[in-house]
file run-v3.pdb (PDB, C-alpha atoms and all ligand atoms)
MODEL        1
ATOM      1  CA  MET N 131      25.619   0.063  -8.783
ATOM      2  CA  THR N 132      23.919  -2.109  -6.197
ATOM      3  CA  ASN N 133      25.623  -5.473  -5.968
ATOM      4  CA  LEU N 134      23.023  -8.233  -5.864
ATOM      5  CA  GLU N 135      25.350 -11.148  -5.224
ATOM      6  CA  ASN N 136      24.942 -11.250  -1.460
ATOM      7  CA  ILE N 137      21.265 -10.424  -1.240
ATOM      8  CA  ASP N 138      19.183 -12.824   0.819
ATOM      9  CA  TRP N 139      16.030 -12.611  -1.288
ATOM     10  CA  ALA N 140      13.975 -14.713   1.117
ATOM     11  CA  HIS N 141      14.600 -12.396   4.070
ATOM     12  CA  LEU N 142      14.165  -8.919   2.670
ATOM     13  CA  PRO N 143      12.670  -6.263   4.919
ATOM     14  CA  PHE N 144       9.901  -3.986   3.695
ATOM     15  CA  GLY N 145      12.283  -1.117   3.061
ATOM     16  CA  TYR N 146      14.127   0.940   0.493
ATOM     17  CA  MET N 147      16.951  -0.509  -1.563
ATOM     18  CA  LYS N 148      18.665   1.554  -4.223
ATOM     19  CA  THR N 149      17.841   0.204  -7.670
ATOM     20  CA  ASP N 150      19.126   1.281 -11.083
ATOM     21  CA  TYR N 151      16.460   3.594 -12.470
ATOM     22  CA  ASN N 152      13.251   5.462 -11.734
ATOM     23  CA  VAL N 153      10.820   7.014 -14.209
ATOM     24  CA  ARG N 154       9.190  10.430 -14.162
ATOM     25  CA  CYS N 155       6.575  12.407 -16.042
ATOM     26  CA  THR N 156       5.731  16.067 -15.568
ATOM     27  CA  PHE N 157       2.550  18.023 -16.282
ATOM     28  CA  LYS N 158       3.530  21.469 -17.535
ATOM     29  CA  ASP N 159       1.946  24.091 -19.800
ATOM     30  CA  GLY N 160      -1.336  22.202 -19.654
ATOM     31  CA  LYS N 161      -0.046  18.806 -20.808
ATOM     32  CA  TRP N 162       1.852  15.718 -19.706
ATOM     33  CA  GLY N 163       5.371  15.477 -21.135
ATOM     34  CA  GLU N 164       7.493  12.517 -22.214
ATOM     35  CA  ILE N 165       8.401   9.745 -19.770
ATOM     36  CA  GLU N 166      11.910  10.383 -18.449
ATOM     37  CA  VAL N 167      14.287   7.732 -17.174
ATOM     38  CA  THR N 168      16.829   8.684 -14.531
ATOM     39  CA  GLN N 169      19.315   7.190 -12.118
ATOM     40  CA  ASP N 170      18.935  10.136  -9.768
ATOM     41  CA  GLU N 171      17.353   9.182  -6.440
ATOM     42  CA  THR N 172      16.729  12.786  -5.482
ATOM     43  CA  ILE N 173      14.421  15.527  -6.709
ATOM     44  CA  THR N 174      15.104  19.218  -7.048
ATOM     45  CA  LEU N 175      12.092  21.045  -5.759
ATOM     46  CA  HIS N 176      11.090  24.666  -5.338
ATOM     47  CA  MET N 177      11.042  25.466  -1.621
ATOM     48  CA  ALA N 178       7.500  26.813  -1.970
ATOM     49  CA  ALA N 179       6.179  23.757  -3.861
ATOM     50  CA  SER N 180       2.537  23.024  -3.041
ATOM     51  CA  CYS N 181       3.373  19.451  -2.030
ATOM     52  CA  LEU N 182       5.620  20.707   0.765
ATOM     53  CA  HIS N 183       3.295  23.299   2.241
ATOM     54  CA  TYR N 184      -0.223  22.202   1.525
ATOM     55  CA  GLY N 185       0.147  18.461   1.209
ATOM     56  CA  GLN N 186      -0.498  18.083  -2.522
ATOM     57  CA  GLU N 187       0.987  14.595  -2.526
ATOM     58  CA  ILE N 188      -0.626  11.285  -3.385
ATOM     59  CA  PHE N 189       0.822   7.837  -3.878
ATOM     60  CA  GLU N 190       0.167   4.247  -4.851
ATOM     61  CA  GLY N 191       1.675   0.846  -4.148
ATOM     62  CA  LEU N 192       1.715  -2.212  -6.422
ATOM     63  CA  LYS N 193       3.906  -5.220  -6.967
ATOM     64  CA  ALA N 194       5.681  -7.134  -9.732
ATOM     65  CA  PHE N 195       6.358 -10.851  -9.412
ATOM     66  CA  ARG N 196       8.640 -13.338 -11.144
ATOM     67  CA  GLY N 197       6.745 -16.544 -11.933
ATOM     68  CA  GLN N 198       8.026 -20.099 -12.116
ATOM     69  CA  ASP N 199       7.650 -19.705 -15.890
ATOM     70  CA  GLY N 200      10.140 -16.807 -15.747
ATOM     71  CA  LYS N 201       7.477 -14.258 -16.741
ATOM     72  CA  ILE N 202       7.038 -10.937 -14.952
ATOM     73  CA  ARG N 203       3.543 -10.172 -13.702
ATOM     74  CA  LEU N 204       2.085  -6.920 -12.443
ATOM     75  CA  PHE N 205      -0.979  -7.294 -10.260
ATOM     76  CA  ARG N 206      -3.956  -5.083 -11.222
ATOM     77  CA  PRO N 207      -1.980  -1.979 -12.276
ATOM     78  CA  ASP N 208      -5.093  -0.580 -13.990
ATOM     79  CA  GLU N 209      -6.778  -0.328 -10.585
ATOM     80  CA  ASN N 210      -3.810   1.596  -9.221
ATOM     81  CA  ALA N 211      -3.930   3.910 -12.233
ATOM     82  CA  LYS N 212      -7.617   4.633 -11.554
ATOM     83  CA  ARG N 213      -7.079   5.140  -7.854
ATOM     84  CA  LEU N 214      -4.207   7.555  -8.510
ATOM     85  CA  GLN N 215      -6.496   9.535 -10.809
ATOM     86  CA  ASN N 216      -9.239   9.536  -8.225
ATOM     87  CA  SER N 217      -6.858  10.709  -5.495
ATOM     88  CA  ALA N 218      -5.575  13.436  -7.814
ATOM     89  CA  LEU N 219      -9.067  14.722  -8.548
ATOM     90  CA  GLY N 220      -9.874  14.574  -4.836
ATOM     91  CA  ILE N 221      -7.261  17.156  -3.912
ATOM     92  CA  LYS N 222      -7.348  19.171  -7.139
ATOM     93  CA  MET N 223      -4.247  17.685  -8.775
ATOM     94  CA  GLN N 224      -3.866  16.708 -12.442
ATOM     95  CA  PRO N 225      -4.922  13.102 -13.086
ATOM     96  CA  LEU N 226      -2.297  11.044 -14.941
ATOM     97  CA  PRO N 227      -3.796   9.197 -17.967
ATOM     98  CA  GLU N 228      -4.022   5.441 -17.398
ATOM     99  CA  ASP N 229      -1.938   4.561 -20.469
ATOM    100  CA  ILE N 230       0.980   6.708 -19.296
ATOM    101  CA  PHE N 231       0.767   5.134 -15.837
ATOM    102  CA  LEU N 232       0.877   1.627 -17.310
ATOM    103  CA  GLU N 233       3.749   2.478 -19.620
ATOM    104  CA  MET N 234       5.706   3.951 -16.707
ATOM    105  CA  CYS N 235       5.096   0.840 -14.575
ATOM    106  CA  LYS N 236       6.225  -1.511 -17.321
ATOM    107  CA  LYS N 237       9.258   0.592 -18.128
ATOM    108  CA  VAL N 238      10.492   0.931 -14.557
ATOM    109  CA  VAL N 239      10.067  -2.802 -13.923
ATOM    110  CA  LYS N 240      11.861  -3.765 -17.121
ATOM    111  CA  LEU N 241      14.731  -1.367 -16.437
ATOM    112  CA  ASN N 242      15.159  -2.816 -12.948
ATOM    113  CA  GLU N 243      14.498  -6.417 -13.912
ATOM    114  CA  ARG N 244      17.534  -7.683 -12.013
ATOM    115  CA  PHE N 245      15.892  -6.515  -8.757
ATOM    116  CA  ILE N 246      12.796  -8.711  -9.124
ATOM    117  CA  PRO N 247      13.138 -11.337  -6.394
ATOM    118  CA  PRO N 248      13.366 -14.903  -7.711
ATOM    119  CA  TYR N 249      10.342 -17.196  -7.800
ATOM    120  CA  GLY N 250       9.954 -19.055  -4.526
ATOM    121  CA  SER N 251      11.710 -16.426  -2.403
ATOM    122  CA  GLY N 252       8.375 -15.071  -1.157
ATOM    123  CA  SER N 253       9.550 -11.539  -1.950
ATOM    124  CA  SER N 254       8.451  -9.183  -4.722
ATOM    125  CA  LEU N 255       9.319  -5.925  -6.430
ATOM    126  CA  TYR N 256       7.298  -3.089  -4.908
ATOM    127  CA  LEU N 257       6.441  -0.160  -7.179
ATOM    128  CA  ARG N 258       5.880   3.145  -5.480
ATOM    129  CA  PRO N 259       4.223   5.731  -7.753
ATOM    130  CA  LEU N 260       3.831   9.209  -6.285
ATOM    131  CA  GLU N 261       2.506  12.486  -7.587
ATOM    132  CA  ILE N 262       3.440  15.907  -6.234
ATOM    133  CA  GLY N 263       2.399  19.482  -6.899
ATOM    134  CA  ILE N 264       5.601  21.319  -7.800
ATOM    135  CA  SER N 265       4.502  24.912  -8.485
ATOM    136  CA  PRO N 266       5.422  27.483  -5.857
ATOM    137  CA  ARG N 267       2.393  28.386  -3.763
ATOM    138  CA  VAL N 268       2.156  30.608  -0.736
ATOM    139  CA  GLY N 269      -1.573  31.233  -0.861
ATOM    140  CA  VAL N 270      -3.545  28.015  -0.439
ATOM    141  CA  SER N 271      -4.380  26.927  -3.984
ATOM    142  CA  PRO N 272      -3.580  23.985  -6.269
ATOM    143  CA  ALA N 273      -0.344  23.914  -8.257
ATOM    144  CA  ASP N 274      -0.458  24.040 -12.035
ATOM    145  CA  GLU N 275       2.577  21.799 -12.503
ATOM    146  CA  TYR N 276       2.832  18.211 -11.267
ATOM    147  CA  THR N 277       5.406  15.431 -11.349
ATOM    148  CA  VAL N 278       4.702  11.709 -11.169
ATOM    149  CA  ILE N 279       7.626   9.488 -10.164
ATOM    150  CA  ILE N 280       7.678   5.702 -10.016
ATOM    151  CA  PHE N 281      10.520   3.988  -8.224
ATOM    152  CA  VAL N 282      10.868   0.343  -7.295
ATOM    153  CA  THR N 283      12.421  -1.580  -4.448
ATOM    154  CA  PRO N 284      12.517  -5.314  -3.703
ATOM    155  CA  VAL N 285      10.577  -6.123  -0.535
ATOM    156  CA  GLY N 286       9.708  -8.904   1.860
ATOM    157  CA  PRO N 287       6.638  -8.982   4.134
ATOM    158  CA  TYR N 288       5.378  -5.702   5.576
ATOM    159  CA  PHE N 289       5.100  -7.111   9.075
ATOM    160  CA  LYS N 290       8.283  -8.706  10.366
ATOM    161  CA  GLU N 291       6.175 -11.598  11.700
ATOM    162  CA  GLY N 292       5.395 -12.585   8.090
ATOM    163  CA  PHE N 293       2.303 -14.748   7.694
ATOM    164  CA  GLN N 294       1.716 -15.174  11.416
ATOM    165  CA  CYS N 295      -0.925 -13.812  13.750
ATOM    166  CA  THR N 296      -0.337 -10.466  15.439
ATOM    167  CA  LYS N 297      -2.423  -8.352  17.819
ATOM    168  CA  VAL N 298      -3.757  -4.884  17.055
ATOM    169  CA  ALA N 299      -4.825  -2.052  19.365
ATOM    170  CA  VAL N 300      -7.728   0.413  19.369
ATOM    171  CA  TYR N 301      -7.304   3.910  20.854
ATOM    172  CA  ARG N 302     -10.232   6.325  20.692
ATOM    173  CA  GLU N 303      -8.161   9.467  20.952
ATOM    174  CA  TYR N 304      -6.799   9.153  17.413
ATOM    175  CA  ASP N 305      -8.650   9.513  14.117
ATOM    176  CA  ARG N 306      -7.029   8.625  10.846
ATOM    177  CA  ALA N 307      -9.279  10.606   8.517
ATOM    178  CA  ALA N 308     -12.510  12.578   8.851
ATOM    179  CA  PRO N 309     -15.746  11.151   7.322
ATOM    180  CA  CYS N 310     -15.833  13.603   4.425
ATOM    181  CA  GLY N 311     -12.101  14.284   4.495
ATOM    182  CA  THR N 312      -9.231  12.735   2.581
ATOM    183  CA  GLY N 313      -9.517   9.163   3.878
ATOM    184  CA  ARG N 314     -11.058   8.017   0.584
ATOM    185  CA  TRP N 315      -8.013   9.189  -1.348
ATOM    186  CA  LYS N 316      -4.445   7.913  -1.028
ATOM    187  CA  VAL N 317      -2.986  11.108   0.320
ATOM    188  CA  GLY N 318       0.368  11.004   2.148
ATOM    189  CA  GLY N 319      -1.060  13.061   5.012
ATOM    190  CA  ASN N 320      -3.500  10.285   5.920
ATOM    191  CA  TYR N 321      -0.535   8.159   6.850
ATOM    192  CA  ALA N 322       1.087  10.956   8.844
ATOM    193  CA  ALA N 323      -2.192  11.219  10.759
ATOM    194  CA  GLY N 324      -1.894   7.566  11.735
ATOM    195  CA  MET N 325       1.707   7.651  12.901
ATOM    196  CA  GLY N 326       0.996   8.695  16.497
ATOM    197  CA  ALA N 327      -1.417   5.843  17.144
ATOM    198  CA  THR N 328       0.837   3.387  15.315
ATOM    199  CA  ALA N 329       3.898   4.357  17.350
ATOM    200  CA  ARG N 330       1.915   3.929  20.565
ATOM    201  CA  ALA N 331       0.574   0.559  19.474
ATOM    202  CA  LYS N 332       4.054  -0.644  18.536
ATOM    203  CA  GLU N 333       5.536   0.491  21.832
ATOM    204  CA  ALA N 334       2.867  -1.584  23.575
ATOM    205  CA  GLY N 335       3.819  -4.668  21.531
ATOM    206  CA  PHE N 336       1.067  -4.580  18.887
ATOM    207  CA  SER N 337       1.705  -4.748  15.162
ATOM    208  CA  ALA N 338      -0.661  -1.891  14.318
ATOM    209  CA  ALA N 339      -3.415   0.452  15.476
ATOM    210  CA  LEU N 340      -6.946  -0.356  14.355
ATOM    211  CA  PHE N 341      -8.802   2.899  13.781
ATOM    212  CA  LEU N 342     -12.468   3.342  14.603
ATOM    213  CA  ASP N 343     -14.814   5.389  12.468
ATOM    214  CA  PRO N 344     -14.188   8.974  13.549
ATOM    215  CA  LYS N 345     -17.869   9.952  13.677
ATOM    216  CA  GLU N 346     -19.376   7.411  16.003
ATOM    217  CA  LYS N 347     -16.312   5.493  17.189
ATOM    218  CA  LYS N 348     -18.449   2.417  16.724
ATOM    219  CA  TYR N 349     -17.342   0.880  13.452
ATOM    220  CA  LEU N 350     -14.005  -0.466  12.387
ATOM    221  CA  ASP N 351     -12.034   1.490   9.850
ATOM    222  CA  GLU N 352      -8.487   1.078   8.508
ATOM    223  CA  CYS N 353      -5.868  -0.938  10.290
ATOM    224  CA  GLY N 354      -2.423   0.641  10.300
ATOM    225  CA  PRO N 355      -1.189   0.749   6.710
ATOM    226  CA  ALA N 356      -3.824  -1.692   5.454
ATOM    227  CA  ASN N 357      -7.504  -2.591   5.340
ATOM    228  CA  PHE N 358      -9.198  -4.819   7.867
ATOM    229  CA  PHE N 359     -11.561  -7.723   7.301
ATOM    230  CA  ILE N 360     -13.155 -10.505   9.244
ATOM    231  CA  VAL N 361     -14.379 -13.921   8.221
ATOM    232  CA  LYS N 362     -17.574 -15.257   9.792
ATOM    233  CA  GLY N 363     -18.560 -18.686   8.548
ATOM    234  CA  ASN N 364     -18.307 -18.438   4.802
ATOM    235  CA  THR N 365     -18.714 -14.680   4.692
ATOM    236  CA  TYR N 366     -15.945 -12.180   4.123
ATOM    237  CA  ILE N 367     -16.802  -8.844   5.730
ATOM    238  CA  THR N 368     -15.027  -5.507   5.253
ATOM    239  CA  PRO N 369     -15.698  -2.263   7.132
ATOM    240  CA  LYS N 370     -17.585  -0.918   4.110
ATOM    241  CA  SER N 371     -20.426  -3.295   4.807
ATOM    242  CA  GLY N 372     -21.294  -1.467   8.030
ATOM    243  CA  SER N 373     -20.852  -2.322  11.658
ATOM    244  CA  ILE N 374     -18.493  -5.167  12.362
ATOM    245  CA  LEU N 375     -17.349  -6.243  15.751
ATOM    246  CA  PRO N 376     -14.247  -8.351  16.092
ATOM    247  CA  ALA N 377     -16.109 -10.394  18.709
ATOM    248  CA  GLU N 378     -18.251 -11.866  15.931
ATOM    249  CA  ALA N 379     -15.286 -13.073  13.908
ATOM    250  CA  ASP N 380     -13.956 -16.566  13.289
ATOM    251  CA  GLU N 381     -10.887 -15.037  11.664
ATOM    252  CA  ALA N 382      -9.554 -11.543  11.006
ATOM    253  CA  ALA N 383      -6.721 -10.033   9.019
ATOM    254  CA  GLU N 384      -5.245  -6.922   7.532
ATOM    255  CA  CYS N 385      -4.978  -6.812   3.777
ATOM    256  CA  GLY N 386      -3.347  -4.568   1.214
ATOM    257  CA  THR N 387      -0.634  -4.502  -1.410
ATOM    258  CA  ALA N 388       2.137  -4.206   1.156
ATOM    259  CA  ALA N 389       0.542  -6.307   3.899
ATOM    260  CA  VAL N 390      -0.815  -8.959   1.461
ATOM    261  CA  THR N 391      -2.923 -10.783   4.083
ATOM    262  CA  ALA N 392      -1.659 -10.433   7.633
ATOM    263  CA  PRO N 393      -3.664 -12.487  10.144
ATOM    264  CA  ILE N 394      -4.845 -11.028  13.454
ATOM    265  CA  SER N 395      -5.368 -13.124  16.608
ATOM    266  CA  GLU N 396      -6.646 -10.412  18.927
ATOM    267  CA  VAL N 397      -8.026  -6.877  18.904
ATOM    268  CA  VAL N 398      -7.493  -5.029  22.165
ATOM    269  CA  ASP N 399      -9.672  -2.047  23.031
ATOM    270  CA  MET N 400      -7.085  -0.121  25.031
ATOM    271  CA  ASP N 401      -9.590   2.399  26.423
ATOM    272  CA  LYS N 402     -12.034  -0.136  27.826
ATOM    273  CA  ASP N 403      -9.537  -2.915  28.447
ATOM    274  CA  VAL N 404     -11.620  -5.330  26.381
ATOM    275  CA  HIS N 405      -9.809  -8.158  24.597
ATOM    276  CA  TYR N 406     -11.507  -9.543  21.497
ATOM    277  CA  VAL N 407      -9.738 -12.856  21.148
ATOM    278  CA  ILE N 408     -10.219 -14.168  17.620
ATOM    279  CA  ARG N 409      -7.691 -17.010  17.513
ATOM    280  CA  LYS N 410      -7.171 -18.349  21.025
ATOM    281  CA  ASP N 411      -4.201 -20.538  20.163
ATOM    282  CA  GLY N 412      -2.646 -17.864  17.933
ATOM    283  CA  SER N 413      -2.897 -20.066  14.835
ATOM    284  CA  VAL N 414      -3.795 -18.683  11.421
ATOM    285  CA  GLY N 415      -7.337 -19.729  10.461
ATOM    286  CA  PRO N 416      -8.136 -21.878   7.408
ATOM    287  CA  LYS N 417     -10.012 -19.215   5.397
ATOM    288  CA  VAL N 418      -7.353 -16.545   5.794
ATOM    289  CA  THR N 419      -4.720 -19.142   4.898
ATOM    290  CA  ALA N 420      -6.651 -20.165   1.786
ATOM    291  CA  LEU N 421      -7.139 -16.548   0.768
ATOM    292  CA  TYR N 422      -3.447 -15.759   1.187
ATOM    293  CA  ASN N 423      -2.368 -18.839  -0.753
ATOM    294  CA  ARG N 424      -4.786 -18.217  -3.605
ATOM    295  CA  LEU N 425      -3.815 -14.576  -3.917
ATOM    296  CA  ARG N 426      -0.103 -15.378  -3.958
ATOM    297  CA  ALA N 427      -0.667 -18.174  -6.463
ATOM    298  CA  ILE N 428      -2.495 -15.859  -8.871
ATOM    299  CA  GLN N 429       0.226 -13.224  -8.502
ATOM    300  CA  MET N 430       2.982 -15.761  -9.245
ATOM    301  CA  GLY N 431       1.113 -17.444 -12.087
ATOM    302  CA  ASP N 432       0.628 -20.697 -10.158
ATOM    303  CA  TYR N 433      -3.177 -20.417 -10.315
ATOM    304  CA  PRO N 434      -5.229 -19.362 -13.374
ATOM    305  CA  ASP N 435      -5.894 -15.647 -13.624
ATOM    306  CA  GLU N 436      -9.672 -16.015 -13.957
ATOM    307  CA  HIS N 437     -10.441 -12.335 -13.379
ATOM    308  CA  GLY N 438      -7.907 -10.765 -15.741
ATOM    309  CA  TRP N 439      -5.951  -9.234 -12.868
ATOM    310  CA  VAL N 440      -2.478  -9.951 -14.230
ATOM    311  CA  VAL N 441      -0.578  -7.727 -16.674
ATOM    312  CA  PHE N 442       2.625  -9.154 -18.146
ATOM    313  CA  VAL N 443       5.786  -7.121 -18.573
ATOM    314  CA  ASP N 444       7.806  -8.256 -21.537
TER     315      ASP N 444
HETATM  316  C1  LIG N 501       0.240  -0.424   0.221
HETATM  317  O1  LIG N 501      -0.254  -1.511   0.486
HETATM  318  O2  LIG N 501       0.845  -0.177  -0.812
HETATM  319  C2  LIG N 501       0.058   0.629   1.199
HETATM  320  O3  LIG N 501      -0.658   1.531   0.992
HETATM  321  C3  LIG N 501       0.801   0.506   2.421
HETATM  322  C4  LIG N 501       1.946   1.416   2.431
HETATM  323  C5  LIG N 501       1.582   2.659   3.140
HETATM  324  C6  LIG N 501       3.149   0.744   2.986
ENDMDL
END
call {"tool": "encode", "arguments": {"input": "run-v3.pdb", "output": "structure tokens"}}
result
Amino acid sequence: MTNLENIDWAHLPFGYMKTDYNVRCTFKDGKWGEIEVTQDETITLHMAASCLHYGQEIFEGLKAFRGQDGKIRLFRPDENAKRLQNSALGIKMQPLPEDIFLEMCKKVVKLNERFIPPYGSGSSLYLRPLEIGISPRVGVSPADEYTVIIFVTPVGPYFKEGFQCTKVAVYREYDRAAPCGTGRWKVGGNYAAGMGATARAKEAGFSAALFLDPKEKKYLDECGPANFFIVKGNTYITPKSGSILPAEADEAAECGTAAVTAPISEVVDMDKDVHYVIRKDGSVGPKVTALYNRLRAIQMGDYPDEHGWVVFVD
């Protein structure tokens, strides 16, 4: 059993720590089975499983927080349930019903309650749901059996810099996902596709690679393991809204479950040697700071949950 006595909750990395239990549910004979609880960290898999050969693997990421009031809050798990279903349908996997997903999340958090970082530590319990095709396949076709696993691990900030500005790099020779490909679904392979650019960016001292749209190489797309946004005046702009140039920004940041809100001071176009300096003095801007604080406050229960984003685990 993991001994929690010497854990420095305020300085956790974003990494794996063994916890007590994980939960699993398998789709077999045309239906989802019972939720299973196990202490086993490994899975026994057929060597020809479709997830291993043809990438039938999707995942999610969400967090549980301990509030000052002692309550445990999950942040928008229903949205993760829907996105997991959408990803599943995208690559011909079985979608897990939302109620089973929610029950699994609650169960795995409750069973590992002692791993939820204390209020005020700045850390949280990260839930990692994944779904894999487990039927043996040699010809390229979808499996007919699937397993969903949810494990948890306590985590600190994704970027070691925490809530401080970092620089990101653009390289045109890498695409993360094709326009009509799997980029719109949370498929493990999308992240493998980004590893080359990310490794290069990190070697050059950047925190992440900022991908351009693969079609025209003109628009901004995802940033490393997160989304990218800029703030211009009072407007929050994401890549979905069309062409955005970092040069137009007052502030910029990466955002996501893992990254929370990670401010960016500079985007460097490595091919053209153009530096888009967003925060000259490297300070975090006021809007990104406000956004980060508000988001954290809602997650911890320090600010009213006006949008119904919080689900309690009791
Ligand atoms: C998340 O925010 O959960 C992500 O998708 C990032 C993850 C790949 C670390």
call {"tool": "residues_near_ligand", "arguments": {"input": "run-v3.pdb", "ligand": "ligand LIG 501 (chain N)", "cutoff": "12 Å", "atoms": "only C-alpha atoms and all ligand atoms", "output": "VMD selection string"}}
result
chain N and resid 143 to 146 188 to 193 205 207 210 213 to 214 255 to 260 282 285 to 289 315 to 322 324 to 325 352 to 357 384 to 392
call {"tool": "atom_distance", "arguments": {"input": "run-v3.pdb", "atom1": "CA of Val443 in chain N", "atom2": "CA of Phe281 in chain N"}}
result
15.9 Å
call {"tool": "residues_around", "arguments": {"input": "run-v3.pdb", "residues": "range 343-347 of chain N", "least_positions_apart": "6", "cutoff": "10 Å", "atoms": "all atoms listed in the file", "output": "list in words"}}
result
Tyr301, Arg302, Glu303, Tyr304, Asp305, Arg306, Ala307, Ala308, Pro309, Pro369 and Ser373 of chain N
call {"tool": "resolve_selection", "arguments": {"input": "run-v3.pdb", "expression": "the PyMOL selection byres (((chain N and resi 240-245) around 10) and not hetatm)", "output": "PDB file with C-alpha atoms, in the frame of the given file"}}
result
ATOM      1  CA  THR N 132      23.919  -2.109  -6.197  1.00  0.00           C
ATOM      2  CA  LEU N 134      23.023  -8.233  -5.864  1.00  0.00           C
ATOM      3  CA  TRP N 139      16.030 -12.611  -1.288  1.00  0.00           C
ATOM      4  CA  MET N 147      16.951  -0.509  -1.563  1.00  0.00           C
ATOM      5  CA  LYS N 148      18.665   1.554  -4.223  1.00  0.00           C
ATOM      6  CA  THR N 149      17.841   0.204  -7.670  1.00  0.00           C
ATOM      7  CA  ASP N 150      19.126   1.281 -11.083  1.00  0.00           C
ATOM      8  CA  TYR N 151      16.460   3.594 -12.470  1.00  0.00           C
ATOM      9  CA  ASN N 152      13.251   5.462 -11.734  1.00  0.00           C
ATOM     10  CA  VAL N 153      10.820   7.014 -14.209  1.00  0.00           C
ATOM     11  CA  VAL N 167      14.287   7.732 -17.174  1.00  0.00           C
ATOM     12  CA  ALA N 194       5.681  -7.134  -9.732  1.00  0.00           C
ATOM     13  CA  ARG N 196       8.640 -13.338 -11.144  1.00  0.00           C
ATOM     14  CA  ILE N 202       7.038 -10.937 -14.952  1.00  0.00           C
ATOM     15  CA  MET N 234       5.706   3.951 -16.707  1.00  0.00           C
ATOM     16  CA  CYS N 235       5.096   0.840 -14.575  1.00  0.00           C
ATOM     17  CA  LYS N 236       6.225  -1.511 -17.321  1.00  0.00           C
ATOM     18  CA  LYS N 237       9.258   0.592 -18.128  1.00  0.00           C
ATOM     19  CA  VAL N 238      10.492   0.931 -14.557  1.00  0.00           C
ATOM     20  CA  VAL N 239      10.067  -2.802 -13.923  1.00  0.00           C
ATOM     21  CA  ILE N 246      12.796  -8.711  -9.124  1.00  0.00           C
ATOM     22  CA  PRO N 247      13.138 -11.337  -6.394  1.00  0.00           C
ATOM     23  CA  PRO N 248      13.366 -14.903  -7.711  1.00  0.00           C
ATOM     24  CA  SER N 254       8.451  -9.183  -4.722  1.00  0.00           C
ATOM     25  CA  LEU N 255       9.319  -5.925  -6.430  1.00  0.00           C
ATOM     26  CA  PHE N 281      10.520   3.988  -8.224  1.00  0.00           C
ATOM     27  CA  VAL N 282      10.868   0.343  -7.295  1.00  0.00           C
ATOM     28  CA  THR N 283      12.421  -1.580  -4.448  1.00  0.00           C
ATOM     29  CA  PRO N 284      12.517  -5.314  -3.703  1.00  0.00           C
ATOM     30  CA  VAL N 285      10.577  -6.123  -0.535  1.00  0.00           C
ATOM     31  CA  VAL N 443       5.786  -7.121 -18.573  1.00  0.00           C
ATOM     32  CA  ASP N 444       7.806  -8.256 -21.537  1.00  0.00           C
TER      33      ASP N 444
END
call {"tool": "closest_residue", "arguments": {"input": "run-v3.pdb", "among": "N:Ile221, N:Val397, N:Cys295, N:Ala382", "to": "Thr312 in chain N", "atoms": "all atoms listed in the file"}}
result
N:Ile221
call {"tool": "atom_distance", "arguments": {"input": "run-v3.pdb", "atom1": "CA of Cys155 in chain N", "atom2": "CA of Val278 in chain N"}}
result
5.3 Å
call {"tool": "resolve_selection", "arguments": {"input": "run-v3.pdb", "expression": "the PyMOL selection byres (((chain N and resi 418-428) around 9) and not hetatm)", "output": "list of chain:residue names"}}
result
N:Phe205, N:Gly252, N:Phe293, N:Val361, N:Glu381, N:Ala382, N:Ala383, N:Val390, N:Thr391, N:Ala392, N:Pro393, N:Val414, N:Gly415, N:Pro416, N:Lys417, N:Gln429, N:Met430, N:Gly431, N:Asp432, N:Tyr433, N:Pro434, N:Asp435, N:Glu436, N:Trp439, N:Val440
call {"tool": "build_atoms", "arguments": {"input": "run-v3.pdb", "residues": "range 337-346 of chain N", "atoms": "N, CA and C atoms", "output": "compact mmCIF listing (two decimals), keeping the file's coordinate frame"}}
result
# COMPACT_ATOMS: atom_id res chain seq x y z
N SER N 337 1.13 -4.96 16.49
CA SER N 337 1.70 -4.75 15.16
C SER N 337 1.16 -3.48 14.53
N ALA N 338 -0.04 -3.07 14.95
CA ALA N 338 -0.66 -1.89 14.32
C ALA N 338 -1.79 -1.35 15.19
N ALA N 339 -2.23 -0.13 14.84
CA ALA N 339 -3.42 0.45 15.48
C ALA N 339 -4.60 0.22 14.55
N LEU N 340 -5.71 -0.20 15.13
CA LEU N 340 -6.95 -0.36 14.36
C LEU N 340 -7.80 0.88 14.64
N PHE N 341 -8.07 1.65 13.59
CA PHE N 341 -8.80 2.90 13.78
C PHE N 341 -10.31 2.66 13.77
N LEU N 342 -11.01 3.40 14.62
CA LEU N 342 -12.47 3.34 14.60
C LEU N 342 -12.99 4.45 13.69
N ASP N 343 -14.27 4.32 13.30
CA ASP N 343 -14.81 5.39 12.47
C ASP N 343 -14.83 6.67 13.31
N PRO N 344 -14.36 7.77 12.74
CA PRO N 344 -14.19 8.97 13.55
C PRO N 344 -15.50 9.60 14.02
N LYS N 345 -16.61 9.29 13.34
CA LYS N 345 -17.87 9.95 13.68
C LYS N 345 -18.49 9.34 14.93
N GLU N 346 -18.66 8.05 14.90
CA GLU N 346 -19.38 7.41 16.00
C GLU N 346 -18.47 6.57 16.89
